[in-house]
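Colleague: File name upload_15.cif; file contents mmCIF, C-alpha atoms and all ligand atoms; full text below.
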```
data_upload
loop_
_atom_site.label_atom_id
_atom_site.label_comp_id
_atom_site.auth_asym_id
_atom_site.auth_seq_id
_atom_site.Cartn_x
_atom_site.Cartn_y
_atom_site.Cartn_z
CA MET O 8 80.71 103.05 108.70
CA ASN O 9 80.63 106.35 110.58
CA PHE O 10 82.68 109.39 109.60
CA TYR O 11 82.98 112.28 112.06
CA ILE O 12 84.51 115.36 110.48
CA MET O 13 85.70 117.97 112.97
CA THR O 14 85.61 121.31 111.20
CA LEU O 15 84.89 125.04 111.40
CA PHE O 16 82.97 124.78 108.09
CA PRO O 17 80.39 121.98 108.41
CA GLU O 18 78.21 123.30 105.56
CA MET O 19 81.15 123.18 103.17
CA VAL O 20 81.88 119.56 104.06
CA MET O 21 78.28 118.33 103.88
CA GLY O 22 77.62 120.37 100.72
CA GLY O 23 80.55 118.63 99.05
CA LEU O 24 79.68 115.12 100.18
CA ASN O 25 75.88 114.96 100.13
CA ASN O 26 75.63 114.36 96.38
CA SER O 27 75.44 111.53 93.88
CA ILE O 28 76.73 108.13 95.08
CA ILE O 29 77.58 109.24 98.62
CA LYS O 30 74.15 110.85 98.99
CA ARG O 31 72.54 107.55 98.04
CA ALA O 32 74.78 105.71 100.53
CA LEU O 33 73.72 108.16 103.27
CA GLU O 34 70.07 107.66 102.41
CA LYS O 35 70.50 103.89 102.52
CA ASP O 36 72.28 104.18 105.90
CA LEU O 37 75.33 102.38 104.54
CA VAL O 38 77.48 105.21 105.81
CA GLN O 39 76.90 108.01 108.24
CA ILE O 40 78.75 111.32 107.84
CA GLU O 41 78.58 113.95 110.52
CA ALA O 42 80.33 117.30 110.19
CA VAL O 43 80.83 118.47 113.76
CA ASN O 44 81.36 122.19 114.27
CA ILE O 45 84.40 122.76 116.52
CA ARG O 46 83.15 126.28 117.27
CA ASP O 47 80.11 124.84 119.05
CA TYR O 48 82.48 123.62 121.77
CA THR O 49 84.34 126.82 122.57
CA ILE O 50 83.94 128.22 126.08
CA ASP O 51 85.14 131.66 124.95
CA LYS O 52 82.44 134.29 125.38
CA HIS O 53 83.12 135.65 121.88
CA ASN O 54 83.07 132.18 120.33
CA LYS O 55 86.76 132.46 119.55
CA VAL O 56 88.61 129.26 118.59
CA ASP O 57 92.05 130.68 117.68
CA ASP O 58 94.85 132.73 119.20
CA TYR O 59 98.38 133.99 118.53
CA PRO O 60 101.27 131.51 118.66
CA PHE O 61 103.57 131.70 121.69
CA GLY O 62 107.03 132.81 120.59
CA GLY O 63 105.59 134.88 117.76
CA GLY O 64 105.29 134.07 114.09
CA ALA O 65 102.76 134.47 111.34
CA GLY O 66 99.04 133.77 111.68
CA MET O 67 96.82 132.24 114.31
CA LEU O 68 96.54 128.76 115.79
CA MET O 69 93.43 126.78 116.67
CA GLN O 70 93.25 126.39 120.44
CA ALA O 71 93.32 123.08 122.26
CA GLN O 72 90.12 123.49 124.32
CA PRO O 73 87.40 123.61 121.62
CA VAL O 74 89.14 120.92 119.57
CA TYR O 75 89.45 118.58 122.55
CA ASP O 76 85.91 119.11 123.82
CA CYS O 77 84.57 118.48 120.31
CA TYR O 78 86.61 115.26 120.19
CA LEU O 79 85.33 114.14 123.62
CA ALA O 80 81.72 114.69 122.51
CA ILE O 81 82.32 112.43 119.49
CA ARG O 82 84.05 109.83 121.67
CA LYS O 83 81.05 109.84 123.99
CA LYS O 84 78.78 109.07 121.04
CA ILE O 85 80.99 106.27 119.74
CA GLY O 86 81.41 104.51 123.09
CA GLU O 87 84.28 102.36 124.29
CA THR O 88 86.64 101.78 121.40
CA ALA O 89 89.08 104.56 120.54
CA PRO O 90 88.67 105.46 116.88
CA ARG O 91 91.53 106.45 114.61
CA VAL O 92 91.87 110.21 114.29
CA LEU O 93 93.21 111.48 110.99
CA TYR O 94 94.57 115.02 111.07
CA MET O 95 94.54 116.67 107.64
CA SER O 96 98.02 118.12 107.20
CA PRO O 97 100.45 118.65 104.31
CA GLN O 98 103.11 117.18 106.64
CA GLY O 99 101.33 113.84 106.83
CA LYS O 100 101.76 110.52 105.09
CA THR O 101 100.45 110.79 101.53
CA PHE O 102 96.96 109.33 101.12
CA THR O 103 96.80 106.38 98.70
CA GLN O 104 94.24 103.85 97.49
CA GLU O 105 95.97 101.26 99.68
CA MET O 106 95.42 103.47 102.74
CA ALA O 107 91.77 103.92 101.71
CA ASN O 108 91.30 100.14 101.49
CA GLU O 109 92.69 99.74 104.98
CA LEU O 110 90.59 102.60 106.44
CA SER O 111 87.40 101.19 104.94
CA LYS O 112 87.61 98.33 107.47
CA GLU O 113 87.15 100.74 110.39
CA GLU O 114 83.75 101.16 111.97
CA ASN O 115 84.36 104.77 113.05
CA LEU O 116 86.76 107.37 111.75
CA ILE O 117 87.42 110.90 112.95
CA LEU O 118 88.85 113.42 110.48
CA LEU O 119 90.19 116.63 111.96
CA CYS O 120 90.35 119.73 109.76
CA GLY O 121 92.81 122.42 110.74
CA HIS O 122 92.62 126.07 109.76
CA TYR O 123 94.78 129.15 110.11
CA GLU O 124 98.40 128.16 110.75
CA GLY O 125 97.54 124.87 112.46
CA ILE O 126 96.45 123.49 115.82
CA ASP O 127 98.04 123.62 119.29
CA GLN O 128 100.40 120.63 119.40
CA ARG O 129 99.25 119.53 122.87
CA VAL O 130 95.79 118.54 121.71
CA LEU O 131 97.14 116.76 118.63
CA ASP O 132 99.35 114.68 120.94
CA ARG O 133 96.49 114.04 123.38
CA MET O 134 94.24 112.73 120.58
CA ASN O 135 97.08 110.63 119.18
CA VAL O 136 96.39 111.85 115.64
CA GLU O 137 97.73 110.31 112.45
CA GLU O 138 98.71 113.06 110.03
CA VAL O 139 97.51 112.52 106.48
CA SER O 140 98.23 114.65 103.40
CA ILE O 141 96.46 114.46 100.06
CA GLY O 142 99.51 115.70 98.14
CA ASP O 143 102.51 117.97 98.19
CA TYR O 144 100.75 121.32 98.04
CA VAL O 145 99.24 123.56 100.69
CA LEU O 146 95.50 124.22 100.95
CA THR O 147 93.81 126.84 103.12
CA GLY O 148 92.26 124.21 105.38
CA GLY O 149 91.64 120.53 105.94
CA GLU O 150 88.06 120.43 104.62
CA LEU O 151 88.88 119.50 101.01
CA PRO O 152 91.31 116.74 102.11
CA ALA O 153 88.68 115.41 104.57
CA MET O 154 86.13 115.33 101.74
CA VAL O 155 88.59 113.57 99.43
CA ILE O 156 89.38 110.92 102.04
CA THR O 157 85.74 110.42 103.08
CA ASP O 158 84.60 110.04 99.46
CA THR O 159 87.40 107.58 98.63
CA VAL O 160 86.85 105.44 101.73
CA ALA O 161 83.02 105.56 101.71
CA ARG O 162 82.77 104.23 98.16
CA LEU O 163 84.64 101.11 99.30
CA VAL O 164 82.03 100.27 101.93
CA PRO O 165 80.10 97.19 100.71
CA GLY O 166 76.89 98.15 98.91
CA VAL O 167 77.85 101.78 98.23
CA LEU O 168 78.67 101.09 94.60
CA ASN O 169 75.88 99.52 92.56
CA ASN O 170 77.97 96.69 91.36
CA ASP O 171 80.35 95.32 93.99
CA ASP O 172 82.77 94.37 91.23
CA SER O 173 83.23 97.90 90.05
CA ALA O 174 85.54 98.74 92.97
CA LEU O 175 87.84 95.91 91.89
CA ASP O 176 87.86 96.51 88.17
CA GLU O 177 89.36 99.97 88.14
CA SER O 178 92.54 102.02 88.26
CA PHE O 179 95.01 101.05 91.03
CA SER O 180 92.97 98.10 92.27
CA ASP O 181 95.48 95.65 90.80
CA GLY O 182 98.36 98.10 90.33
CA LEU O 183 97.38 99.01 86.77
CA LEU O 184 95.45 101.92 85.31
CA GLU O 185 92.18 101.26 83.51
CA TYR O 186 91.69 100.18 79.91
CA PRO O 187 89.79 102.55 77.57
CA GLN O 188 86.01 102.18 77.46
CA TYR O 189 83.38 102.94 74.81
CA THR O 190 79.62 103.24 74.66
CA ARG O 191 77.01 103.70 71.93
CA PRO O 192 77.04 104.54 69.08
CA GLU O 193 79.39 101.99 67.53
CA GLU O 194 80.66 104.70 65.20
CA TRP O 195 81.00 108.35 66.26
CA ASP O 196 82.32 111.07 63.97
CA GLY O 197 83.88 108.43 61.74
CA ILE O 198 85.64 106.63 64.62
CA LYS O 199 84.70 103.03 65.29
CA VAL O 200 84.73 101.17 68.59
CA PRO O 201 87.50 98.51 68.65
CA GLU O 202 86.16 95.43 66.87
CA VAL O 203 86.95 92.98 69.69
CA LEU O 204 84.50 94.70 72.06
CA LEU O 205 81.63 93.93 69.70
CA SER O 206 82.65 90.29 69.27
CA GLY O 207 80.94 88.90 72.38
CA HIS O 208 84.06 86.76 72.90
CA HIS O 209 84.68 87.20 76.62
CA LYS O 210 88.18 85.73 76.74
CA ASN O 211 89.40 87.89 73.86
CA ILE O 212 87.81 90.96 75.40
CA ALA O 213 89.49 90.27 78.76
CA GLU O 214 92.86 89.77 77.04
CA TRP O 215 92.48 92.95 74.99
CA ARG O 216 91.55 94.94 78.10
CA HIS O 217 94.55 93.61 80.01
CA GLU O 218 96.90 94.52 77.12
CA MET O 219 95.41 98.01 76.95
CA ALA O 220 95.68 98.46 80.73
CA LEU O 221 99.37 97.49 80.52
CA GLU O 222 100.01 99.89 77.63
CA ASN O 223 98.08 102.71 79.32
CA THR O 224 100.04 102.27 82.55
CA LYS O 225 103.38 102.05 80.71
CA ASN O 226 102.68 105.33 78.88
CA LYS O 227 101.08 107.35 81.66
CA ARG O 228 102.66 105.98 84.85
CA PRO O 229 105.91 104.18 83.99
CA GLU O 230 106.81 103.75 87.69
CA LEU O 231 103.54 101.86 88.33
CA TYR O 232 104.19 99.74 85.26
CA GLU O 233 107.70 98.77 86.47
CA ALA O 234 106.30 97.80 89.89
CA TYR O 235 103.56 95.72 88.25
CA ILE O 236 106.01 93.88 85.98
CA LEU O 237 108.27 93.07 88.94
CA LYS O 238 105.29 91.57 90.76
CA HIS O 239 103.84 89.83 87.71
CA PRO O 240 106.73 88.90 85.40
CA PRO O 241 105.42 88.17 81.90
CA VAL O 242 105.12 84.41 81.44
CA GLU O 243 107.67 83.39 78.87
CA LYS O 244 106.20 81.15 76.28
CA LYS O 245 107.95 77.79 76.55
CA LYS O 246 110.44 77.34 73.76
CA ARG O 247 109.44 74.44 71.66
CA ARG O 248 112.07 71.76 71.93
CA ARG O 249 113.44 70.80 68.62
CA LYS O 250 112.84 67.18 67.95
CA LYS O 251 116.08 65.34 67.70
CA THR O 252 116.11 63.41 64.54
CA ASP O 253 118.68 60.91 63.50
CA ASP O 254 118.58 61.75 59.87
N1 LIG O 301 95.94 121.02 104.74
C1 LIG O 301 96.52 121.92 103.95
N2 LIG O 301 97.08 121.34 102.89
C2 LIG O 301 96.85 120.01 103.00
C3 LIG O 301 97.18 118.88 102.22
N3 LIG O 301 97.86 118.97 101.08
N4 LIG O 301 96.77 117.67 102.64
C4 LIG O 301 96.09 117.55 103.80
N5 LIG O 301 95.76 118.58 104.58
C5 LIG O 301 96.13 119.81 104.19
#
```
Would you put the structure from the file into structure tokens?

Modeller:
Amino acid sequence: MNFYIMTLFPEMVMGGLNNSIIKRALEKDLVQIEAVNIRDYTIDKHNKVDDYPFGGGAGMLMQAQPVYDCYLAIRKKIGETAPRVLYMSPQGKTFTQEMANELSKEENLILLCGHYEGIDQRVLDRMNVEEVSIGDYVLTGGELPAMVITDTVARLVPGVLNNDDSALDESFSDGLLEYPQYTRPEEWDGIKVPEVLLSGHHKNIAEWRHEMALENTKNKRPELYEAYILKHPPVEKKKRRRKKTDD
């Protein structure tokens, strides 16, 4: 999967992503991440990429020309098919795990990072952008959101995680938060690991983990718990019919 991140701060983006699991995925060519510098495409003799908004108002806007030429250069690389373009914006649809799952099926993805007070609307319309927000707060630019989205989507690409199962067995994957986990030693500072985890009894361990995931979700995210219960109503144990006896 190829990620093209259009930005004025390519070093910031690559510095944030080229570490740990994503670094390994890049080295293994499972994903490709390219931070493309929008400034490289300006035709302004002073390398300017922003200007004052028509009609007045606070701050500066990124101009259409460098953004569009940067986009066209990426399109040229990709070839025929038009990729989805995600524009990082607090006005967008809130990014979720479900959205990440869907995006991980794409072959190419363009993420556009705005700065200053935003980007000239004409070029956003021309590129047919989808606005995406990472939460209801305002950052100084789109780089951190682009890094968040790239990290979340890239780890879903097959082979990126060591164990393919580990993307399934985690918070949100089935609508529940995770169960608590423990590692060695069996006793730390007088606190023991729950007995069932040492039992080697796989069915009991799975049941215990499910119970703990339910309890964890109920306590920390009651709205997720309610949604889960609606989708998976607890199976009522069949009432034992009383035997009719004549005597
Ligand atoms: N740009 C500034 N704030 C943002 C946010 N919360 N999400 C996405 N892009 C942004």

Colleague: Please identify all protein, DNA and RNA residues within 10 Å of ligand LIG 301 (chain O), counting only C-alpha atoms and all ligand atoms, and report them as a PDB file with C-alpha atoms, in the coordinates of the input.

Modeller:
```pdb
ATOM      1  CA  LEU O  93      93.210 111.480 110.990  1.00  0.00           C
ATOM      2  CA  TYR O  94      94.570 115.020 111.070  1.00  0.00           C
ATOM      3  CA  MET O  95      94.540 116.670 107.640  1.00  0.00           C
ATOM      4  CA  SER O  96      98.020 118.120 107.200  1.00  0.00           C
ATOM      5  CA  PRO O  97     100.450 118.650 104.310  1.00  0.00           C
ATOM      6  CA  GLN O  98     103.110 117.180 106.640  1.00  0.00           C
ATOM      7  CA  GLY O  99     101.330 113.840 106.830  1.00  0.00           C
ATOM      8  CA  LYS O 100     101.760 110.520 105.090  1.00  0.00           C
ATOM      9  CA  THR O 101     100.450 110.790 101.530  1.00  0.00           C
ATOM     10  CA  PHE O 102      96.960 109.330 101.120  1.00  0.00           C
ATOM     11  CA  LEU O 119      90.190 116.630 111.960  1.00  0.00           C
ATOM     12  CA  CYS O 120      90.350 119.730 109.760  1.00  0.00           C
ATOM     13  CA  GLY O 121      92.810 122.420 110.740  1.00  0.00           C
ATOM     14  CA  HIS O 122      92.620 126.070 109.760  1.00  0.00           C
ATOM     15  CA  TYR O 123      94.780 129.150 110.110  1.00  0.00           C
ATOM     16  CA  GLU O 124      98.400 128.160 110.750  1.00  0.00           C
ATOM     17  CA  GLY O 125      97.540 124.870 112.460  1.00  0.00           C
ATOM     18  CA  GLU O 138      98.710 113.060 110.030  1.00  0.00           C
ATOM     19  CA  VAL O 139      97.510 112.520 106.480  1.00  0.00           C
ATOM     20  CA  SER O 140      98.230 114.650 103.400  1.00  0.00           C
ATOM     21  CA  ILE O 141      96.460 114.460 100.060  1.00  0.00           C
ATOM     22  CA  GLY O 142      99.510 115.700  98.140  1.00  0.00           C
ATOM     23  CA  ASP O 143     102.510 117.970  98.190  1.00  0.00           C
ATOM     24  CA  TYR O 144     100.750 121.320  98.040  1.00  0.00           C
ATOM     25  CA  VAL O 145      99.240 123.560 100.690  1.00  0.00           C
ATOM     26  CA  LEU O 146      95.500 124.220 100.950  1.00  0.00           C
ATOM     27  CA  THR O 147      93.810 126.840 103.120  1.00  0.00           C
ATOM     28  CA  GLY O 148      92.260 124.210 105.380  1.00  0.00           C
ATOM     29  CA  GLY O 149      91.640 120.530 105.940  1.00  0.00           C
ATOM     30  CA  GLU O 150      88.060 120.430 104.620  1.00  0.00           C
ATOM     31  CA  LEU O 151      88.880 119.500 101.010  1.00  0.00           C
ATOM     32  CA  PRO O 152      91.310 116.740 102.110  1.00  0.00           C
ATOM     33  CA  ALA O 153      88.680 115.410 104.570  1.00  0.00           C
ATOM     34  CA  VAL O 155      88.590 113.570  99.430  1.00  0.00           C
ATOM     35  CA  ILE O 156      89.380 110.920 102.040  1.00  0.00           C
TER      36      ILE O 156
END
```

Colleague: For Asp51 of chain O, list every protein, DNA or RNA residue within 12 Å, evaluated using all atoms listed in the file, and leave out those in the same chain fewer than 5 positions away; present the list as a ChimeraX atom specification.

Modeller: /O:46,56-58,70,72-73

Colleague: Between atom CA of Val200 of chain O and atom CA of Lys225 of chain O, measure the distance and give it in Å to one decimal.

Modeller: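 Atom CA of Lys225 of chain O lies 22.3 Å from atom CA of Val200 of chain O.
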
Colleague: Please report the interatomic distance between atom CA of Thr190 of chain O and atom CA of His209 of chain O in Å with one decimal.

Modeller: 16.9 Å

Colleague: Using Å and a single decimal, report how far atom CA of Glu137 of chain O sits from atom CA of Leu79 of chain O.

Modeller: 17.1 Å
